[in-house]
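Trainee: Pasting my_file.json below, which is JSON, C-alpha atoms.
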[["chain", "number", "residue", "atom", "x", "y", "z"],
["Z", 1, "MET", "CA", -70.02, -41.36, 67.35],
["Z", 2, "ASP", "CA", -72.79, -40.14, 65.13],
["Z", 3, "VAL", "CA", -73.38, -36.43, 64.95],
["Z", 4, "GLY", "CA", -76.83, -34.99, 64.53],
["Z", 5, "LEU", "CA", -78.56, -33.57, 61.51],
["Z", 6, "THR", "CA", -77.67, -30.06, 62.63],
["Z", 7, "GLU", "CA", -73.94, -30.77, 62.58],
["Z", 8, "ILE", "CA", -74.17, -32.48, 59.19],
["Z", 9, "ALA", "CA", -76.17, -29.57, 57.77],
["Z", 10, "LEU", "CA", -73.70, -27.08, 59.26],
["Z", 11, "ARG", "CA", -70.69, -28.81, 57.72],
["Z", 12, "LEU", "CA", -72.32, -29.29, 54.31],
["Z", 13, "GLY", "CA", -73.68, -25.75, 54.38],
["Z", 14, "ALA", "CA", -70.31, -24.27, 55.28],
["Z", 15, "ALA", "CA", -68.62, -26.17, 52.45],
["Z", 16, "THR", "CA", -71.28, -25.04, 49.98],
["Z", 17, "VAL", "CA", -71.18, -21.39, 51.03],
["Z", 18, "ALA", "CA", -67.38, -21.17, 51.23],
["Z", 19, "ALA", "CA", -66.88, -22.80, 47.84],
["Z", 20, "GLY", "CA", -69.74, -20.74, 46.37],
["Z", 21, "ALA", "CA", -68.06, -17.56, 47.63],
["Z", 22, "VAL", "CA", -64.91, -18.50, 45.73],
["Z", 23, "GLY", "CA", -67.12, -19.14, 42.70],
["Z", 24, "LEU", "CA", -68.71, -15.71, 43.10],
["Z", 25, "ASN", "CA", -65.27, -14.13, 43.14],
["Z", 26, "ARG", "CA", -64.32, -15.99, 39.97],
["Z", 27, "ASP", "CA", -67.58, -15.00, 38.27],
["Z", 28, "LEU", "CA", -67.15, -11.34, 39.22],
["Z", 29, "HIS", "CA", -63.71, -11.46, 37.62],
["Z", 30, "GLY", "CA", -65.13, -12.81, 34.36],
["Z", 31, "LYS", "CA", -63.83, -16.35, 34.71],
["Z", 32, "PRO", "CA", -65.82, -19.24, 33.23],
["Z", 33, "ILE", "CA", -66.79, -20.66, 36.61],
["Z", 34, "GLY", "CA", -69.12, -19.41, 39.30],
["Z", 35, "VAL", "CA", -71.24, -19.92, 42.39],
["Z", 36, "ARG", "CA", -73.08, -23.02, 41.21],
["Z", 37, "THR", "CA", -70.05, -24.85, 39.85],
["Z", 38, "LEU", "CA", -67.70, -24.37, 42.77],
["Z", 39, "GLY", "CA", -70.54, -24.61, 45.30],
["Z", 40, "LEU", "CA", -71.35, -28.08, 43.95],
["Z", 41, "VAL", "CA", -67.70, -29.12, 44.04],
["Z", 42, "GLY", "CA", -67.38, -28.00, 47.67],
["Z", 43, "LEU", "CA", -70.65, -29.72, 48.62],
["Z", 44, "SER", "CA", -69.69, -32.93, 46.81],
["Z", 45, "THR", "CA", -66.32, -33.26, 48.45],
["Z", 46, "ALA", "CA", -67.76, -32.50, 51.90],
["Z", 47, "VAL", "CA", -70.35, -35.25, 51.41],
["Z", 48, "VAL", "CA", -67.67, -37.83, 50.62],
["Z", 49, "VAL", "CA", -65.44, -36.71, 53.49],
["Z", 50, "LEU", "CA", -68.37, -36.98, 55.89],
["Z", 51, "LEU", "CA", -68.97, -40.49, 54.63],
["Z", 52, "ALA", "CA", -65.32, -41.47, 54.98],
["Z", 53, "ASP", "CA", -64.89, -39.93, 58.44],
["Z", 54, "ALA", "CA", -66.03, -42.66, 60.79],
["Z", 55, "GLY", "CA", -66.38, -40.06, 63.56],
["Z", 56, "ILE", "CA", -69.17, -38.29, 61.68],
["Z", 57, "VAL", "CA", -71.52, -41.03, 60.56],
["Z", 58, "ARG", "CA", -71.55, -44.71, 61.41],
["Z", 59, "SER", "CA", -69.97, -46.19, 58.37],
["Z", 60, "ASP", "CA", -67.67, -49.16, 58.29],
["Z", 61, "ILE", "CA", -65.90, -48.65, 55.00],
["Z", 62, "SER", "CA", -63.63, -51.55, 54.16],
["Z", 63, "ASP", "CA", -60.36, -51.15, 52.32],
["Z", 64, "ALA", "CA", -61.98, -52.64, 49.22],
["Z", 65, "THR", "CA", -64.87, -50.17, 49.40],
["Z", 66, "SER", "CA", -62.42, -47.33, 49.88],
["Z", 67, "ARG", "CA", -60.58, -48.38, 46.71],
["Z", 68, "VAL", "CA", -63.86, -48.54, 44.79],
["Z", 69, "ILE", "CA", -64.74, -45.01, 45.95],
["Z", 70, "GLN", "CA", -61.29, -43.76, 44.95],
["Z", 71, "GLY", "CA", -61.71, -45.31, 41.51],
["Z", 72, "ILE", "CA", -65.15, -43.77, 41.05],
["Z", 73, "LEU", "CA", -63.99, -40.31, 42.06],
["Z", 74, "THR", "CA", -60.95, -40.52, 39.81],
["Z", 75, "GLY", "CA", -62.81, -41.92, 36.82],
["Z", 76, "ILE", "CA", -65.83, -39.64, 37.03],
["Z", 77, "GLY", "CA", -63.62, -36.71, 36.10],
["Z", 78, "PHE", "CA", -63.34, -38.12, 32.59],
["Z", 79, "LEU", "CA", -67.10, -38.23, 32.23],
["Z", 80, "GLY", "CA", -67.40, -34.70, 33.59],
["Z", 81, "ALA", "CA", -64.75, -33.50, 31.16],
["Z", 82, "GLY", "CA", -66.88, -34.87, 28.34],
["Z", 83, "VAL", "CA", -69.69, -32.40, 29.05],
["Z", 84, "ILE", "CA", -67.40, -29.37, 28.99],
["Z", 85, "VAL", "CA", -67.52, -27.76, 25.56],
["Z", 86, "HIS", "CA", -65.22, -25.16, 24.14],
["Z", 87, "GLY", "CA", -67.30, -23.40, 21.51],
["Z", 88, "LYS", "CA", -65.00, -22.23, 18.73],
["Z", 89, "PRO", "CA", -67.25, -19.60, 17.12],
["Z", 90, "HIS", "CA", -67.32, -17.41, 20.22],
["Z", 91, "LYS", "CA", -64.43, -19.00, 22.11],
["Z", 92, "ARG", "CA", -66.65, -19.70, 25.10],
["Z", 93, "ILE", "CA", -66.50, -22.49, 27.62],
["Z", 94, "HIS", "CA", -69.79, -24.20, 28.45],
["Z", 95, "GLY", "CA", -70.69, -27.11, 30.66],
["Z", 96, "LEU", "CA", -68.65, -26.49, 33.80],
["Z", 97, "THR", "CA", -71.74, -26.56, 36.01],
["Z", 98, "SER", "CA", -72.94, -29.70, 34.22],
["Z", 99, "ALA", "CA", -69.56, -31.30, 34.91],
["Z", 100, "ALA", "CA", -69.87, -30.33, 38.58],
["Z", 101, "CYS", "CA", -73.35, -31.92, 38.56],
["Z", 102, "VAL", "CA", -71.80, -35.13, 37.21],
["Z", 103, "TRP", "CA", -69.29, -35.05, 40.07],
["Z", 104, "PHE", "CA", -72.06, -34.36, 42.61],
["Z", 105, "THR", "CA", -74.26, -37.20, 41.36],
["Z", 106, "ALA", "CA", -71.31, -39.59, 41.57],
["Z", 107, "CYS", "CA", -70.76, -38.55, 45.19],
["Z", 108, "ILE", "CA", -74.47, -38.94, 45.92],
["Z", 109, "GLY", "CA", -74.39, -42.39, 44.32],
["Z", 110, "ILE", "CA", -71.53, -43.37, 46.59],
["Z", 111, "VAL", "CA", -73.37, -42.10, 49.67],
["Z", 112, "CYS", "CA", -76.59, -43.88, 48.59],
["Z", 113, "GLY", "CA", -74.59, -47.07, 48.17],
["Z", 114, "ALA", "CA", -73.35, -46.65, 51.72],
["Z", 115, "GLY", "CA", -76.92, -46.12, 52.93],
["Z", 116, "GLN", "CA", -76.25, -42.73, 54.50],
["Z", 117, "TRP", "CA", -79.68, -41.22, 53.89],
["Z", 118, "GLN", "CA", -79.15, -38.17, 56.09],
["Z", 119, "LEU", "CA", -76.20, -37.11, 53.93],
["Z", 120, "VAL", "CA", -78.18, -37.79, 50.77],
["Z", 121, "SER", "CA", -81.21, -35.78, 51.82],
["Z", 122, "ILE", "CA", -79.36, -32.78, 53.27],
["Z", 123, "SER", "CA", -76.92, -32.52, 50.37],
["Z", 124, "GLY", "CA", -79.77, -32.91, 47.89],
["Z", 125, "VAL", "CA", -81.56, -29.93, 49.41],
["Z", 126, "PHE", "CA", -78.37, -27.85, 49.33],
["Z", 127, "ALA", "CA", -77.77, -28.78, 45.68],
["Z", 128, "VAL", "CA", -81.30, -27.82, 44.60],
["Z", 129, "VAL", "CA", -81.05, -24.49, 46.44],
["Z", 130, "LEU", "CA", -77.61, -23.83, 45.00],
["Z", 131, "LEU", "CA", -78.62, -24.64, 41.43],
["Z", 132, "SER", "CA", -81.79, -22.54, 41.77],
["Z", 133, "LEU", "CA", -80.27, -19.48, 43.43],
["Z", 134, "GLY", "CA", -76.68, -19.45, 42.17],
["Z", 135, "ARG", "CA", -77.25, -17.40, 39.03],
["Z", 136, "PRO", "CA", -79.61, -14.88, 40.71],
["Z", 137, "ILE", "CA", -76.98, -14.37, 43.43],
["Z", 138, "GLU", "CA", -74.36, -13.68, 40.75],
["Z", 139, "ARG", "CA", -76.70, -11.15, 39.07],
["Z", 140, "ILE", "CA", -77.36, -9.35, 42.36],
["Z", 141, "PHE", "CA", -73.65, -8.95, 43.04],
["Z", 142, "HIS", "CA", -72.99, -7.75, 39.50],
["Z", 143, "ARG", "CA", -75.65, -5.05, 40.00],
["Z", 144, "LEU", "CA", -74.37, -4.09, 43.46],
["Z", 145, "LEU", "CA", -70.79, -3.81, 42.30],
["Z", 146, "GLY", "CA", -71.63, -1.95, 39.10],
["Z", 147, "GLY", "CA", -70.50, -4.77, 36.89],
["Z", 148, "ARG", "CA", -72.28, -6.58, 34.14],
["Z", 149, "HIS", "CA", -76.05, -6.77, 34.55],
["Z", 150, "ASP", "CA", -77.12, -9.81, 32.55],
["Z", 151, "THR", "CA", -74.98, -12.84, 33.22],
["Z", 152, "ASP", "CA", -76.84, -14.90, 30.60],
["Z", 153, "ASP", "CA", -75.12, -12.95, 27.82],
["Z", 154, "ILE", "CA", -71.71, -12.55, 29.42],
["Z", 155, "PRO", "CA", -69.01, -14.03, 27.26],
["Z", 156, "THR", "CA", -66.85, -16.33, 29.30],
["Z", 157, "GLN", "CA", -63.11, -16.11, 29.23],
["Z", 158, "SER", "CA", -61.58, -17.46, 26.09],
["Z", 159, "SER", "CA", -59.61, -20.61, 26.61],
["Z", 160, "ASP", "CA", -57.01, -19.08, 24.28],
["Z", 161, "ALA", "CA", -56.26, -16.17, 26.62],
["Z", 162, "GLY", "CA", -55.16, -15.67, 30.16],
["Z", 163, "PRO", "CA", -52.35, -16.63, 32.45],
["Z", 164, "HIS", "CA", -53.77, -20.11, 32.97],
["Z", 165, "GLN", "CA", -52.64, -21.19, 29.51],
["Z", 166, "PRO", "CA", -49.45, -23.20, 29.06],
["Z", 167, "GLY", "CA", -46.58, -21.11, 27.80],
["Z", 168, "LYS", "CA", -48.10, -17.78, 28.88]]
Let me see the file written as structure tokens.

Mentor:
Amino acid sequence: MDVGLTEIALRLGAATVAAGAVGLNRDLHGKPIGVRTLGLVGLSTAVVVLLADAGIVRSDISDATSRVIQGILTGIGFLGAGVIVHGKPHKRIHGLTSAACVWFTACIGIVCGAGQWQLVSISGVFAVVLLSLGRPIERIFHRLLGGRHDTDDIPTQSSDAGPHQPGK
């Protein structure tokens, strides 16, 4: 059973907004991740799940194709990790959104390979909107909540501090 464009857009939109909301929370708490990064991760994973769920789009994914997709999604993490930079002079983390873009493009490549053009086009629109409006949304919430006003100059959390570090 194929669902319509509205249902696909609703599911992808909900994933993007929900994940972006978590990203906004993280950004407001000074963590080195935000609306755009987590919004892209949520959107990307929803795209692949929609592809894999035979009840959503007509897609006959063989076991071999499924293994190829699993390998791509596992391996792409290494490429994404390569664009994340920990700058020593200021102890800042850069490239998380770029890494999420790498993940997203891998998912889009998978969906293109499967010929699911509705998923490609709708998710592409969501990604462009998210990448364009993510930072302005963060700035608005910082102003509304009395926090930092210019997120371009906000130092991100040091990777040497915080409870997320081993042994702390």

Trainee: Write out, as CSV, each residue of range 50-116 of chain Z that has an atom at most 12 Å from range 15-25 of chain Z, together with the closest pair of atoms and their distance in Å to one decimal, counting all atoms listed in the file, rows going by chain and rising number.

Mentor:
residue,atom,partner,partner_atom,distance
Z:Leu50,CA,Z:Ala15,CA,11.3
Z:Leu96,CA,Z:Gly23,CA,11.6
Z:Thr97,CA,Z:Gly23,CA,11.0
Z:Phe104,CA,Z:Thr16,CA,11.9

Trainee: Between Z:Val41, Z:Val35, Z:Val120, Z:Ala9, which is the closest to Arg139 in chain Z once you count only C-alpha atoms?

Mentor: Z:Val35

Trainee: Let me make sure I understand: among Z:Leu43, Z:Ala81, Z:Leu119, Z:Cys107, which one has the smallest atom-to-atom distance to Glu7 in chain Z if we use all atoms listed in the file?

Mentor: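 Closest to Glu7 in chain Z of all the choices is Z:Leu119.
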
Trainee: Considering all atoms listed in the file, state which residue in the set Z:Ile72, Z:Ala52, Z:Ala46, Z:Leu28 is at the smallest distance from Ile8 in chain Z.

Mentor: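 Going through Z:Ile72, Z:Ala52, Z:Ala46, Z:Leu28 one by one, the smallest distance to Ile8 in chain Z is for Z:Ala46.
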
Trainee: In Å, with one decimal, what is the gap from CA of Val47 in chain Z to CA of Phe141 in chain Z?

Mentor: 27.8 Å

Trainee: Have a look at CA of Val49 in chain Z and CA of Leu12 in chain Z and let me know their distance in Å, one decimal.

Mentor: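 Value for the CA of Val49 in chain Z-CA of Leu12 in chain Z distance: 10.2 Å.
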
Trainee: Taking only C-alpha atoms into account, name the residue in Z:Ile33, Z:Gly39, Z:Gly82, Z:Arg11 that is nearest to Leu133 in chain Z.

Mentor: Z:Gly39

Trainee: What is the CA of Leu38 in chain Z to CA of Gly4 in chain Z distance in Å?

Mentor: 25.9 Å

Trainee: Residues within 12 Å of (-64.9, -42.2, 38.8), file coordinates, counting all atoms listed in the file: what are they? Give the list as a PDB file with C-alpha atoms, keeping the file's coordinate frame.

Mentor:
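Final output, part-v6.pdb:
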ATOM      1  CA  ARG Z  67     -60.580 -48.380  46.710  1.00  0.00           C
ATOM      2  CA  VAL Z  68     -63.860 -48.540  44.790  1.00  0.00           C
ATOM      3  CA  ILE Z  69     -64.740 -45.010  45.950  1.00  0.00           C
ATOM      4  CA  GLN Z  70     -61.290 -43.760  44.950  1.00  0.00           C
ATOM      5  CA  GLY Z  71     -61.710 -45.310  41.510  1.00  0.00           C
ATOM      6  CA  ILE Z  72     -65.150 -43.770  41.050  1.00  0.00           C
ATOM      7  CA  LEU Z  73     -63.990 -40.310  42.060  1.00  0.00           C
ATOM      8  CA  THR Z  74     -60.950 -40.520  39.810  1.00  0.00           C
ATOM      9  CA  GLY Z  75     -62.810 -41.920  36.820  1.00  0.00           C
ATOM     10  CA  ILE Z  76     -65.830 -39.640  37.030  1.00  0.00           C
ATOM     11  CA  GLY Z  77     -63.620 -36.710  36.100  1.00  0.00           C
ATOM     12  CA  PHE Z  78     -63.340 -38.120  32.590  1.00  0.00           C
ATOM     13  CA  LEU Z  79     -67.100 -38.230  32.230  1.00  0.00           C
ATOM     14  CA  GLY Z  80     -67.400 -34.700  33.590  1.00  0.00           C
ATOM     15  CA  ALA Z  81     -64.750 -33.500  31.160  1.00  0.00           C
ATOM     16  CA  VAL Z 102     -71.800 -35.130  37.210  1.00  0.00           C
ATOM     17  CA  TRP Z 103     -69.290 -35.050  40.070  1.00  0.00           C
ATOM     18  CA  PHE Z 104     -72.060 -34.360  42.610  1.00  0.00           C
ATOM     19  CA  THR Z 105     -74.260 -37.200  41.360  1.00  0.00           C
ATOM     20  CA  ALA Z 106     -71.310 -39.590  41.570  1.00  0.00           C
ATOM     21  CA  CYS Z 107     -70.760 -38.550  45.190  1.00  0.00           C
ATOM     22  CA  GLY Z 109     -74.390 -42.390  44.320  1.00  0.00           C
ATOM     23  CA  ILE Z 110     -71.530 -43.370  46.590  1.00  0.00           C
TER      24      ILE Z 110
END

Trainee: Closest to Ser62 in chain Z among Z:Val129, Z:Ile140, Z:Ala114, Z:Leu145, using only C-alpha atoms?

Mentor: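 Result for the nearest residue to Ser62 in chain Z: Z:Ala114.
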